[in-house]
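Dropping input-v8.cif in here (mmCIF, C-alpha atoms):
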data_data
#
loop_
_atom_site.group_PDB
_atom_site.id
_atom_site.type_symbol
_atom_site.label_atom_id
_atom_site.label_comp_id
_atom_site.auth_asym_id
_atom_site.auth_seq_id
_atom_site.Cartn_x
_atom_site.Cartn_y
_atom_site.Cartn_z
ATOM 1 C CA MET A 1 -106.235 -80.115 28.289
ATOM 2 C CA THR A 2 -109.483 -78.247 27.944
ATOM 3 C CA ALA A 3 -110.635 -76.656 24.748
ATOM 4 C CA ASP A 4 -110.233 -73.195 26.285
ATOM 5 C CA HIS A 5 -106.664 -73.916 27.309
ATOM 6 C CA ALA A 6 -105.871 -75.214 23.853
ATOM 7 C CA ASN A 7 -107.207 -71.985 22.380
ATOM 8 C CA THR A 8 -104.982 -69.779 24.515
ATOM 9 C CA SER A 9 -101.800 -71.797 23.927
ATOM 10 C CA HIS A 10 -102.409 -72.201 20.178
ATOM 11 C CA PRO A 11 -104.609 -69.285 19.148
ATOM 12 C CA THR A 12 -106.427 -69.549 15.853
ATOM 13 C CA PRO A 13 -104.536 -67.495 13.272
ATOM 14 C CA HIS A 14 -106.311 -64.266 12.474
ATOM 15 C CA PRO A 15 -107.509 -64.254 8.862
ATOM 16 C CA THR A 16 -105.114 -61.523 7.838
ATOM 17 C CA THR A 17 -104.627 -60.411 4.277
ATOM 18 C CA PRO A 18 -101.737 -62.049 2.417
ATOM 19 C CA VAL A 19 -98.219 -60.831 3.125
ATOM 20 C CA GLY A 20 -96.506 -59.197 0.159
ATOM 21 C CA PHE A 21 -97.063 -56.453 -2.338
ATOM 22 C CA ASN A 22 -100.602 -55.699 -3.474
ATOM 23 C CA PRO A 23 -100.418 -52.995 -6.181
ATOM 24 C CA VAL A 24 -104.193 -52.830 -6.695
ATOM 25 C CA ALA A 25 -104.828 -52.053 -3.023
ATOM 26 C CA GLY A 26 -101.892 -49.636 -3.004
ATOM 27 C CA PHE A 27 -103.226 -47.660 -5.948
ATOM 28 C CA ALA A 28 -106.744 -47.748 -4.491
ATOM 29 C CA ALA A 29 -105.362 -46.289 -1.243
ATOM 30 C CA ILE A 30 -103.648 -43.531 -3.221
ATOM 31 C CA ALA A 31 -106.898 -42.802 -5.080
ATOM 32 C CA LEU A 32 -108.979 -42.377 -1.916
ATOM 33 C CA PRO A 33 -108.024 -42.782 1.768
ATOM 34 C CA GLY A 34 -109.371 -46.121 3.036
ATOM 35 C CA LEU A 35 -110.250 -47.518 -0.382
ATOM 36 C CA GLY A 36 -107.178 -49.775 -0.384
ATOM 37 C CA HIS A 37 -108.356 -51.598 2.727
ATOM 38 C CA ILE A 38 -111.871 -51.892 1.317
ATOM 39 C CA VAL A 39 -110.337 -53.514 -1.790
ATOM 40 C CA LEU A 40 -108.526 -55.945 0.542
ATOM 41 C CA GLY A 41 -111.909 -56.900 2.023
ATOM 42 C CA GLU A 42 -111.387 -55.044 5.312
ATOM 43 C CA HIS A 43 -114.446 -52.862 4.967
ATOM 44 C CA ARG A 44 -114.753 -51.655 8.548
ATOM 45 C CA ARG A 45 -111.063 -50.783 8.729
ATOM 46 C CA GLY A 46 -111.293 -48.905 5.439
ATOM 47 C CA VAL A 47 -114.312 -46.887 6.534
ATOM 48 C CA CYS A 48 -112.636 -45.981 9.851
ATOM 49 C CA ILE A 49 -109.498 -44.854 7.994
ATOM 50 C CA ALA A 50 -111.584 -42.786 5.556
ATOM 51 C CA ILE A 51 -113.457 -41.083 8.410
ATOM 52 C CA GLY A 52 -110.197 -40.337 10.237
ATOM 53 C CA VAL A 53 -108.220 -38.984 7.270
ATOM 54 C CA LEU A 54 -111.056 -37.186 5.489
ATOM 55 C CA GLY A 55 -112.320 -35.835 8.835
ATOM 56 C CA LEU A 56 -108.941 -34.141 9.299
ATOM 57 C CA VAL A 57 -109.134 -32.702 5.776
ATOM 58 C CA LEU A 58 -112.678 -31.406 6.262
ATOM 59 C CA THR A 59 -111.862 -29.882 9.655
ATOM 60 C CA GLY A 60 -108.789 -28.217 8.129
ATOM 61 C CA LEU A 61 -110.868 -26.745 5.315
ATOM 62 C CA LEU A 62 -113.532 -25.533 7.739
ATOM 63 C CA VAL A 63 -110.951 -23.869 9.984
ATOM 64 C CA GLY A 64 -108.587 -22.411 7.386
ATOM 65 C CA GLY A 65 -110.852 -22.163 4.365
ATOM 66 C CA ILE A 66 -109.904 -23.413 0.914
ATOM 67 C CA ASP A 67 -106.702 -21.361 1.240
ATOM 68 C CA SER A 68 -105.384 -24.172 3.477
ATOM 69 C CA VAL A 69 -104.390 -26.068 0.325
ATOM 70 C CA ASP A 70 -102.256 -23.944 -1.971
ATOM 71 C CA ARG A 71 -99.587 -25.573 -4.105
ATOM 72 C CA ARG A 72 -98.183 -22.211 -5.276
ATOM 73 C CA GLU A 73 -98.038 -20.094 -2.121
ATOM 74 C CA ASP A 74 -97.580 -22.805 0.528
ATOM 75 C CA ARG A 75 -95.364 -25.207 -1.394
ATOM 76 C CA VAL A 76 -93.642 -26.807 1.617
ATOM 77 C CA TRP A 77 -96.964 -27.550 3.322
ATOM 78 C CA PHE A 78 -98.288 -28.936 0.055
ATOM 79 C CA LEU A 79 -95.487 -31.531 -0.004
ATOM 80 C CA GLY A 80 -97.197 -33.203 2.962
ATOM 81 C CA GLN A 81 -100.711 -32.510 1.723
ATOM 82 C CA ALA A 82 -99.945 -34.097 -1.660
ATOM 83 C CA LEU A 83 -99.749 -37.484 0.081
ATOM 84 C CA LEU A 84 -103.563 -37.371 0.110
ATOM 85 C CA GLY A 85 -103.412 -38.016 -3.632
ATOM 86 C CA PRO A 86 -106.218 -36.798 -5.893
ATOM 87 C CA VAL A 87 -108.083 -35.302 -2.913
ATOM 88 C CA ALA A 88 -105.350 -32.701 -2.310
ATOM 89 C CA PHE A 89 -104.705 -32.067 -5.997
ATOM 90 C CA GLY A 90 -108.451 -31.700 -6.617
ATOM 91 C CA ILE A 91 -108.873 -29.157 -3.809
ATOM 92 C CA ASP A 92 -105.835 -27.250 -5.068
ATOM 93 C CA TYR A 93 -107.157 -27.294 -8.644
ATOM 94 C CA ILE A 94 -110.475 -25.804 -7.508
ATOM 95 C CA HIS A 95 -108.626 -23.230 -5.384
ATOM 96 C CA GLN A 96 -106.280 -22.123 -8.194
ATOM 97 C CA ASN A 97 -108.937 -22.044 -10.925
ATOM 98 C CA ASN A 98 -112.139 -20.975 -9.183
ATOM 99 C CA PHE A 99 -110.978 -18.749 -6.329
ATOM 100 C CA LYS A 100 -107.824 -17.030 -7.607
ATOM 101 C CA ALA A 101 -107.343 -14.530 -10.419
ATOM 102 C CA TYR A 102 -104.495 -12.627 -12.034
ATOM 103 C CA ASP A 103 -103.153 -9.304 -10.872
ATOM 104 C CA GLN A 104 -103.455 -7.159 -13.992
ATOM 105 C CA ASP A 105 -100.342 -5.121 -13.173
ATOM 106 C CA LEU A 106 -98.151 -8.140 -12.454
ATOM 107 C CA LEU A 107 -99.239 -10.055 -15.579
ATOM 108 C CA THR A 108 -96.643 -8.293 -17.737
ATOM 109 C CA ARG A 109 -93.948 -7.636 -15.106
ATOM 110 C CA ASP A 110 -93.889 -10.925 -13.139
ATOM 111 C CA PRO A 111 -96.337 -13.488 -14.567
ATOM 112 C CA ALA A 112 -95.188 -16.207 -12.133
ATOM 113 C CA ARG A 113 -96.535 -14.180 -9.194
ATOM 114 C CA ALA A 114 -99.554 -12.735 -10.944
ATOM 115 C CA LEU A 115 -102.033 -15.431 -9.857
ATOM 116 C CA ARG A 116 -103.153 -14.600 -6.324
ATOM 117 C CA SER A 117 -106.055 -14.464 -3.883
ATOM 118 C CA ALA A 118 -108.265 -11.388 -3.619
ATOM 119 C CA LEU A 119 -107.281 -8.312 -1.659
ATOM 120 C CA PRO A 120 -109.984 -6.435 0.271
ATOM 121 C CA GLY A 121 -112.209 -4.439 -2.081
ATOM 122 C CA GLU A 122 -111.546 -6.598 -5.142
ATOM 123 C CA ALA A 123 -113.869 -8.707 -7.270
ATOM 124 C CA ARG A 124 -113.243 -11.314 -9.937
ATOM 125 C CA GLY A 125 -113.512 -10.133 -13.546
ATOM 126 C CA VAL A 126 -112.271 -11.179 -16.969
ATOM 127 C CA ASN A 127 -109.757 -9.277 -19.101
ATOM 128 C CA ALA A 128 -109.653 -8.908 -22.895
ATOM 129 C CA GLU A 129 -107.780 -12.227 -23.298
ATOM 130 C CA GLY A 130 -110.402 -14.061 -21.282
ATOM 131 C CA LEU A 131 -108.164 -14.501 -18.198
ATOM 132 C CA PRO A 132 -109.692 -14.065 -14.744
ATOM 133 C CA VAL A 133 -108.312 -10.838 -13.212
ATOM 134 C CA TRP A 134 -108.911 -8.821 -10.054
ATOM 135 C CA ARG A 135 -110.698 -5.491 -10.457
ATOM 136 C CA ALA A 136 -112.200 -2.982 -8.044
ATOM 137 C CA ALA A 137 -115.392 -4.375 -6.541
ATOM 138 C CA GLU A 138 -118.706 -2.735 -7.397
ATOM 139 C CA PRO A 139 -121.996 -2.954 -5.517
ATOM 140 C CA GLY A 140 -123.656 -6.288 -6.276
ATOM 141 C CA ASP A 141 -120.397 -8.141 -7.000
ATOM 142 C CA ALA A 142 -120.015 -11.558 -5.393
ATOM 143 C CA LYS A 143 -117.576 -11.516 -2.483
ATOM 144 C CA PRO A 144 -114.455 -13.540 -3.340
ATOM 145 C CA SER A 145 -112.952 -16.089 -0.970
ATOM 146 C CA THR A 146 -111.076 -14.668 1.995
ATOM 147 C CA LYS A 147 -107.361 -15.370 2.220
ATOM 148 C CA GLY A 148 -106.511 -17.224 5.401
ATOM 149 C CA VAL A 149 -104.059 -15.490 7.703
ATOM 150 C CA GLY A 150 -102.753 -16.024 11.208
ATOM 151 C CA ARG A 151 -103.730 -18.941 13.374
ATOM 152 C CA SER A 152 -106.730 -20.047 11.293
ATOM 153 C CA ASN A 153 -104.488 -20.493 8.279
ATOM 154 C CA GLU A 154 -101.765 -22.278 10.256
ATOM 155 C CA LEU A 155 -104.214 -24.700 11.828
ATOM 156 C CA GLY A 156 -106.033 -25.364 8.560
ATOM 157 C CA MET A 157 -102.792 -26.208 6.781
ATOM 158 C CA LEU A 158 -101.628 -28.296 9.749
ATOM 159 C CA PHE A 159 -104.828 -30.403 9.768
ATOM 160 C CA VAL A 160 -104.622 -31.167 6.031
ATOM 161 C CA THR A 161 -100.867 -31.877 6.196
ATOM 162 C CA ILE A 162 -101.310 -34.302 9.106
ATOM 163 C CA ALA A 163 -104.028 -36.028 7.063
ATOM 164 C CA GLY A 164 -101.564 -36.388 4.174
ATOM 165 C CA MET A 165 -98.848 -37.882 6.354
ATOM 166 C CA LEU A 166 -101.320 -40.286 7.977
ATOM 167 C CA ASN A 167 -102.425 -41.310 4.506
ATOM 168 C CA LEU A 168 -98.845 -42.307 3.685
ATOM 169 C CA ILE A 169 -99.014 -44.874 6.513
ATOM 170 C CA VAL A 170 -102.369 -46.026 5.150
ATOM 171 C CA ILE A 171 -101.008 -46.384 1.588
ATOM 172 C CA ILE A 172 -98.011 -48.428 2.791
ATOM 173 C CA ASP A 173 -100.280 -50.623 4.924
ATOM 174 C CA ALA A 174 -102.641 -51.269 2.014
ATOM 175 C CA GLY A 175 -99.878 -51.804 -0.537
ATOM 176 C CA PHE A 176 -97.881 -54.146 1.699
ATOM 177 C CA PRO A 177 -100.566 -55.937 3.730
ATOM 178 C CA GLY A 178 -99.872 -58.387 6.525
ATOM 179 C CA GLY A 179 -97.876 -56.088 8.769
ATOM 180 C CA ARG A 180 -100.342 -56.468 11.614
ATOM 181 C CA SER A 181 -99.426 -60.110 12.380
ATOM 182 C CA VAL A 182 -97.770 -59.142 15.686
ATOM 183 C CA PRO A 183 -100.155 -57.170 17.883
ATOM 184 C CA ASP A 184 -98.853 -54.421 20.100
ATOM 185 C CA ASP A 185 -98.554 -55.212 23.789
ATOM 186 C CA GLU A 186 -101.532 -53.146 24.797
ATOM 187 C CA ASP A 187 -103.883 -54.984 22.515
ATOM 188 C CA LYS A 188 -102.438 -58.369 23.443
ATOM 189 C CA VAL A 189 -103.047 -57.731 27.150
ATOM 190 C CA GLY A 190 -106.544 -56.428 26.514
ATOM 191 C CA ALA A 191 -107.443 -59.297 24.246
ATOM 192 C CA LYS A 192 -106.277 -61.860 26.824
ATOM 193 C CA LYS A 193 -108.325 -60.134 29.518
ATOM 194 C CA SER A 194 -111.432 -60.254 27.377
ATOM 195 C CA GLY A 195 -110.675 -63.773 26.130
ATOM 196 C CA LYS A 196 -110.649 -62.610 22.519
ATOM 197 C CA ASP A 197 -107.041 -63.267 21.636
ATOM 198 C CA ASP A 198 -107.556 -64.327 18.042
ATOM 199 C CA THR A 199 -104.242 -63.007 16.845
ATOM 200 C CA PRO A 200 -101.419 -65.293 15.751
ATOM 201 C CA MET B 201 -119.353 -12.267 17.121
ATOM 202 C CA ILE B 202 -122.716 -13.693 16.017
ATOM 203 C CA ASN B 203 -122.772 -11.408 12.965
ATOM 204 C CA THR B 204 -119.278 -12.566 12.012
ATOM 205 C CA LEU B 205 -120.323 -16.194 12.309
ATOM 206 C CA LEU B 206 -123.482 -15.606 10.272
ATOM 207 C CA ALA B 207 -121.373 -14.088 7.479
ATOM 208 C CA TRP B 208 -119.014 -17.071 7.502
ATOM 209 C CA ARG B 209 -119.109 -19.199 4.345
ATOM 210 C CA PRO B 210 -117.794 -22.668 5.279
ATOM 211 C CA ILE B 211 -114.701 -23.802 3.352
ATOM 212 C CA ILE B 212 -114.617 -20.566 1.296
ATOM 213 C CA ASP B 213 -113.661 -18.367 4.265
ATOM 214 C CA PRO B 214 -111.484 -19.192 7.296
ATOM 215 C CA LEU B 215 -113.380 -19.838 10.518
ATOM 216 C CA PRO B 216 -113.680 -16.561 12.464
ATOM 217 C CA MET B 217 -112.462 -17.813 15.822
ATOM 218 C CA GLY B 218 -110.602 -16.297 18.699
ATOM 219 C CA HIS B 219 -107.185 -17.342 19.939
ATOM 220 C CA ALA B 220 -108.630 -19.123 22.971
ATOM 221 C CA ALA B 221 -111.077 -21.180 20.895
ATOM 222 C CA SER B 222 -108.287 -22.487 18.687
ATOM 223 C CA TYR B 223 -107.050 -24.702 21.540
ATOM 224 C CA LEU B 224 -110.329 -26.649 21.366
ATOM 225 C CA LEU B 225 -109.317 -27.875 17.919
ATOM 226 C CA LEU B 226 -106.888 -30.220 19.664
ATOM 227 C CA ILE B 227 -109.884 -32.466 20.459
ATOM 228 C CA PRO B 228 -111.020 -33.226 16.867
ATOM 229 C CA MET B 229 -107.382 -33.411 15.767
ATOM 230 C CA ALA B 230 -106.524 -36.042 18.386
ATOM 231 C CA LEU B 231 -109.732 -37.959 17.683
ATOM 232 C CA PHE B 232 -109.300 -38.154 13.906
ATOM 233 C CA ILE B 233 -105.588 -39.021 14.156
ATOM 234 C CA SER B 234 -106.419 -41.819 16.604
ATOM 235 C CA MET B 235 -109.219 -43.124 14.368
ATOM 236 C CA ALA B 236 -106.961 -43.455 11.328
ATOM 237 C CA TYR B 237 -103.860 -44.638 13.179
ATOM 238 C CA ARG B 238 -105.633 -47.255 15.290
ATOM 239 C CA ALA B 239 -107.494 -48.574 12.251
ATOM 240 C CA VAL B 240 -104.131 -49.223 10.591
ATOM 241 C CA ARG B 241 -102.359 -50.645 13.648
ATOM 242 C CA LEU B 242 -104.879 -52.911 15.338
ATOM 243 C CA PRO B 243 -104.821 -56.605 14.344
ATOM 244 C CA THR B 244 -108.530 -56.928 15.087
ATOM 245 C CA MET B 245 -111.219 -54.280 15.325
ATOM 246 C CA THR B 246 -112.915 -55.760 18.391
ATOM 247 C CA ARG B 247 -111.578 -53.158 20.833
ATOM 248 C CA TYR B 248 -111.255 -50.343 18.314
ATOM 249 C CA PRO B 249 -113.618 -47.702 19.818
ATOM 250 C CA ARG B 250 -112.126 -48.000 23.302
ATOM 251 C CA LEU B 251 -108.530 -47.791 22.080
ATOM 252 C CA VAL B 252 -109.342 -44.803 19.839
ATOM 253 C CA LEU B 253 -110.757 -42.888 22.797
ATOM 254 C CA LEU B 254 -107.812 -43.950 24.958
ATOM 255 C CA GLN B 255 -105.222 -42.761 22.435
ATOM 256 C CA ALA B 256 -107.092 -39.487 21.813
ATOM 257 C CA ALA B 257 -107.150 -38.850 25.563
ATOM 258 C CA GLN B 258 -103.426 -39.643 25.798
ATOM 259 C CA ILE B 259 -102.613 -37.144 23.034
ATOM 260 C CA ILE B 260 -104.732 -34.407 24.629
ATOM 261 C CA VAL B 261 -103.276 -34.971 28.108
ATOM 262 C CA ALA B 262 -99.696 -35.125 26.771
ATOM 263 C CA ILE B 263 -100.013 -31.902 24.778
ATOM 264 C CA ALA B 264 -101.740 -30.142 27.691
ATOM 265 C CA ALA B 265 -98.890 -31.277 29.953
ATOM 266 C CA ILE B 266 -96.307 -29.937 27.503
ATOM 267 C CA GLY B 267 -98.205 -26.634 27.410
ATOM 268 C CA ILE B 268 -98.331 -26.395 31.196
ATOM 269 C CA GLY B 269 -94.634 -27.303 31.422
ATOM 270 C CA LEU B 270 -93.637 -24.612 28.930
ATOM 271 C CA TYR B 271 -95.838 -22.079 30.746
ATOM 272 C CA VAL B 272 -94.060 -22.855 34.020
ATOM 273 C CA VAL B 273 -90.632 -22.553 32.373
ATOM 274 C CA VAL B 274 -91.394 -19.241 30.655
ATOM 275 C CA GLU B 275 -93.551 -17.547 33.278
ATOM 276 C CA VAL B 276 -92.121 -18.899 36.546
ATOM 277 C CA MET B 277 -88.633 -20.348 36.141
ATOM 278 C CA LEU B 278 -87.088 -17.915 33.657
ATOM 279 C CA PRO B 279 -88.008 -14.790 35.685
ATOM 280 C CA ILE B 280 -86.264 -16.409 38.679
ATOM 281 C CA ILE B 281 -83.168 -17.509 36.711
ATOM 282 C CA ALA B 282 -82.820 -14.324 34.681
ATOM 283 C CA PRO B 283 -84.895 -11.499 36.166
ATOM 284 C CA MET B 284 -85.682 -8.512 33.977
ATOM 285 C CA PRO B 285 -83.548 -5.473 34.861
ATOM 286 C CA ASP B 286 -85.422 -2.609 36.531
#
Mind turning the file's structure into structure tokens?
Amino acid sequence: MTADHANTSHPTPHPTTPVGFNPVAGFAAIALPGLGHIVLGEHRRGVCIAIGVLGLVLTGLLVGGIDSVDRREDRVWFLGQALLGPVAFGIDYIHQNNFKAYDQDLLTRDPARALRSALPGEARGVNAEGLPVWRAAEPGDAKPSTKGVGRSNELGMLFVTIAGMLNLIVIIDAGFPGGRSVPDDEDKVGAKKSGKDDTP
Amino acid sequence: MINTLLAWRPIIDPLPMGHAASYLLLIPMALFISMAYRAVRLPTMTRYPRLVLLQAAQIIVAIAAIGIGLYVVVEVMLPIIAPMPD
């Protein structure tokens, strides 16, 4: 039996991460997409995951604007987006606090609905209590953020929500490592063709 | 169109794009999904770039096929099955 033949019949086990629960990696993955795998020592995998997940988030924000993440007005979408962890909550915090203001008329009648995005012709001001409110825009006022509508808004929310759901897979994979011990058929065939079958 | 793009403030405002251009977003979507998913699934990263491109292409072709199929159903088959009354 040649050395090559021995390698194909008894492949060297791939140095996978230990099977079981790894809370540190799990929490790291929740903190930032890809960080859990970097904590596990799989740096390249972690960077690729971060580029994939955060690339989806960035593309979503570019397409739909910051209005793509809105915990108050798009609650159902935010359920998926929240799986991104602090990234989604951070974007939403900036959106709610830096780009929205209160409708002065609704503040007394319906305070729950008073916080909203700008309507055309409005600018951000401050009322007597120090709350940010919408007022009629004057020349020289900074233009507020534009509320996303139509297809741009749909696609922006879709991109960020897909990123959140992908991140759930990433969090589970980082928190419970070792699930890659059996390669899928496609990779097995390809690895045998290239003579790089180093999987168990 | 150029003036609209020049006035665009990335991330603050939505991208001013037409309906037709929105279909092009399928390409970055498929690519980023494949990058993250393949990084999680593959036992080794030796064939990662090739498999990412392969999966992205599969997603794009599959969704384009679904789109073409639905177009044929709505625009060709339905008018034959249930023609509009004159």
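If we count all atoms listed in the file, these residues of chain B sit within 7 Å of chain A: Pro210, Ile211, Ile212, Asp213, Pro214, Leu215, Met229, Phe232, Ile233, Met235, Ala236, Ala239, Val240, Arg241, Leu242 and Pro243 of chain B.
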- To one decimal in Å, tell me the separation between atom CA of Leu35 of chain A and atom CA of Gly175 of chain A.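 Answer for the atom CA of Leu35 of chain A to atom CA of Gly175 of chain A separation: 11.2 Å.
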- Query: Using all atoms listed in the file, which of B:Asp286, B:Thr204, B:Pro216, B:Ile227 sits nearest Ala264 of chain B?
  - Reply: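 Smallest distance to Ala264 of chain B is found for B:Ile227.
Between atom CA of Gly90 of chain A and atom CA of Val160 of chain A the interatomic distance comes to 13.2 Å.
Here atom CA of Asp141 of chain A and atom CA of Ala128 of chain A stand 19.2 Å from one another.
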- Please write as a ChimeraX atom specification the list of polymer residues whose atoms come within 9 Å of (-103.6, -30.7, -6.0), counting only C-alpha atoms and keeping to the coordinates of the file. /A:69-71,78,81-82,85-94
Using the partial input, fill out segment 215-235 of chain B with N, CA, C and O atoms; write the result as a PDB file, in the frame of the given file.
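Writing done, so here's rebuild_31.pdb:
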ATOM      1  N   LEU B 215    -112.457 -19.915   9.381  1.00  0.00           N
ATOM      2  CA  LEU B 215    -113.380 -19.838  10.518  1.00  0.00           C
ATOM      3  C   LEU B 215    -113.026 -18.626  11.384  1.00  0.00           C
ATOM      4  O   LEU B 215    -111.883 -18.495  11.824  1.00  0.00           O
ATOM      5  N   PRO B 216    -113.995 -17.715  11.609  1.00  0.00           N
ATOM      6  CA  PRO B 216    -113.680 -16.561  12.464  1.00  0.00           C
ATOM      7  C   PRO B 216    -113.688 -16.962  13.936  1.00  0.00           C
ATOM      8  O   PRO B 216    -114.723 -16.947  14.598  1.00  0.00           O
ATOM      9  N   MET B 217    -112.528 -17.343  14.431  1.00  0.00           N
ATOM     10  CA  MET B 217    -112.462 -17.813  15.822  1.00  0.00           C
ATOM     11  C   MET B 217    -111.402 -17.036  16.573  1.00  0.00           C
ATOM     12  O   MET B 217    -110.439 -16.525  15.985  1.00  0.00           O
ATOM     13  N   GLY B 218    -111.566 -16.987  17.857  1.00  0.00           N
ATOM     14  CA  GLY B 218    -110.602 -16.297  18.699  1.00  0.00           C
ATOM     15  C   GLY B 218    -109.414 -17.186  19.004  1.00  0.00           C
ATOM     16  O   GLY B 218    -109.415 -18.382  18.700  1.00  0.00           O
ATOM     17  N   HIS B 219    -108.386 -16.585  19.581  1.00  0.00           N
ATOM     18  CA  HIS B 219    -107.185 -17.342  19.939  1.00  0.00           C
ATOM     19  C   HIS B 219    -107.499 -18.458  20.926  1.00  0.00           C
ATOM     20  O   HIS B 219    -107.004 -19.574  20.797  1.00  0.00           O
ATOM     21  N   ALA B 220    -108.339 -18.145  21.929  1.00  0.00           N
ATOM     22  CA  ALA B 220    -108.630 -19.123  22.971  1.00  0.00           C
ATOM     23  C   ALA B 220    -109.368 -20.332  22.403  1.00  0.00           C
ATOM     24  O   ALA B 220    -109.109 -21.472  22.787  1.00  0.00           O
ATOM     25  N   ALA B 221    -110.285 -20.074  21.464  1.00  0.00           N
ATOM     26  CA  ALA B 221    -111.077 -21.180  20.895  1.00  0.00           C
ATOM     27  C   ALA B 221    -110.217 -22.118  20.067  1.00  0.00           C
ATOM     28  O   ALA B 221    -110.571 -23.295  19.911  1.00  0.00           O
ATOM     29  N   SER B 222    -109.102 -21.631  19.558  1.00  0.00           N
ATOM     30  CA  SER B 222    -108.287 -22.487  18.687  1.00  0.00           C
ATOM     31  C   SER B 222    -107.724 -23.689  19.450  1.00  0.00           C
ATOM     32  O   SER B 222    -107.440 -24.722  18.844  1.00  0.00           O
ATOM     33  N   TYR B 223    -107.566 -23.567  20.769  1.00  0.00           N
ATOM     34  CA  TYR B 223    -107.050 -24.702  21.540  1.00  0.00           C
ATOM     35  C   TYR B 223    -108.032 -25.876  21.542  1.00  0.00           C
ATOM     36  O   TYR B 223    -107.621 -27.023  21.668  1.00  0.00           O
ATOM     37  N   LEU B 224    -109.322 -25.578  21.377  1.00  0.00           N
ATOM     38  CA  LEU B 224    -110.329 -26.649  21.366  1.00  0.00           C
ATOM     39  C   LEU B 224    -110.176 -27.554  20.148  1.00  0.00           C
ATOM     40  O   LEU B 224    -110.678 -28.671  20.139  1.00  0.00           O
ATOM     41  N   LEU B 225    -109.494 -27.057  19.118  1.00  0.00           N
ATOM     42  CA  LEU B 225    -109.317 -27.875  17.919  1.00  0.00           C
ATOM     43  C   LEU B 225    -108.399 -29.067  18.169  1.00  0.00           C
ATOM     44  O   LEU B 225    -108.312 -29.963  17.333  1.00  0.00           O
ATOM     45  N   LEU B 226    -107.709 -29.065  19.308  1.00  0.00           N
ATOM     46  CA  LEU B 226    -106.888 -30.220  19.664  1.00  0.00           C
ATOM     47  C   LEU B 226    -107.756 -31.477  19.804  1.00  0.00           C
ATOM     48  O   LEU B 226    -107.304 -32.580  19.493  1.00  0.00           O
ATOM     49  N   ILE B 227    -109.009 -31.302  20.232  1.00  0.00           N
ATOM     50  CA  ILE B 227    -109.884 -32.466  20.459  1.00  0.00           C
ATOM     51  C   ILE B 227    -110.218 -33.188  19.148  1.00  0.00           C
ATOM     52  O   ILE B 227    -109.952 -34.388  19.029  1.00  0.00           O
ATOM     53  N   PRO B 228    -110.774 -32.492  18.117  1.00  0.00           N
ATOM     54  CA  PRO B 228    -111.020 -33.226  16.867  1.00  0.00           C
ATOM     55  C   PRO B 228    -109.734 -33.724  16.213  1.00  0.00           C
ATOM     56  O   PRO B 228    -109.726 -34.791  15.603  1.00  0.00           O
ATOM     57  N   MET B 229    -108.646 -32.965  16.375  1.00  0.00           N
ATOM     58  CA  MET B 229    -107.382 -33.411  15.767  1.00  0.00           C
ATOM     59  C   MET B 229    -106.937 -34.741  16.383  1.00  0.00           C
ATOM     60  O   MET B 229    -106.625 -35.699  15.665  1.00  0.00           O
ATOM     61  N   ALA B 230    -106.944 -34.809  17.708  1.00  0.00           N
ATOM     62  CA  ALA B 230    -106.524 -36.042  18.386  1.00  0.00           C
ATOM     63  C   ALA B 230    -107.463 -37.198  18.044  1.00  0.00           C
ATOM     64  O   ALA B 230    -107.017 -38.334  17.821  1.00  0.00           O
ATOM     65  N   LEU B 231    -108.746 -36.907  17.963  1.00  0.00           N
ATOM     66  CA  LEU B 231    -109.732 -37.959  17.683  1.00  0.00           C
ATOM     67  C   LEU B 231    -109.560 -38.536  16.271  1.00  0.00           C
ATOM     68  O   LEU B 231    -109.526 -39.756  16.082  1.00  0.00           O
ATOM     69  N   PHE B 232    -109.429 -37.669  15.288  1.00  0.00           N
ATOM     70  CA  PHE B 232    -109.300 -38.154  13.906  1.00  0.00           C
ATOM     71  C   PHE B 232    -107.962 -38.869  13.689  1.00  0.00           C
ATOM     72  O   PHE B 232    -107.915 -39.876  12.982  1.00  0.00           O
ATOM     73  N   ILE B 233    -106.892 -38.347  14.288  1.00  0.00           N
ATOM     74  CA  ILE B 233    -105.588 -39.021  14.156  1.00  0.00           C
ATOM     75  C   ILE B 233    -105.675 -40.422  14.764  1.00  0.00           C
ATOM     76  O   ILE B 233    -105.232 -41.404  14.168  1.00  0.00           O
ATOM     77  N   SER B 234    -106.300 -40.520  15.937  1.00  0.00           N
ATOM     78  CA  SER B 234    -106.419 -41.819  16.604  1.00  0.00           C
ATOM     79  C   SER B 234    -107.264 -42.779  15.780  1.00  0.00           C
ATOM     80  O   SER B 234    -106.962 -43.976  15.693  1.00  0.00           O
ATOM     81  N   MET B 235    -108.343 -42.263  15.184  1.00  0.00           N
ATOM     82  CA  MET B 235    -109.219 -43.124  14.368  1.00  0.00           C
ATOM     83  C   MET B 235    -108.449 -43.753  13.214  1.00  0.00           C
ATOM     84  O   MET B 235    -108.523 -44.962  12.981  1.00  0.00           O
TER      85      MET B 235
END
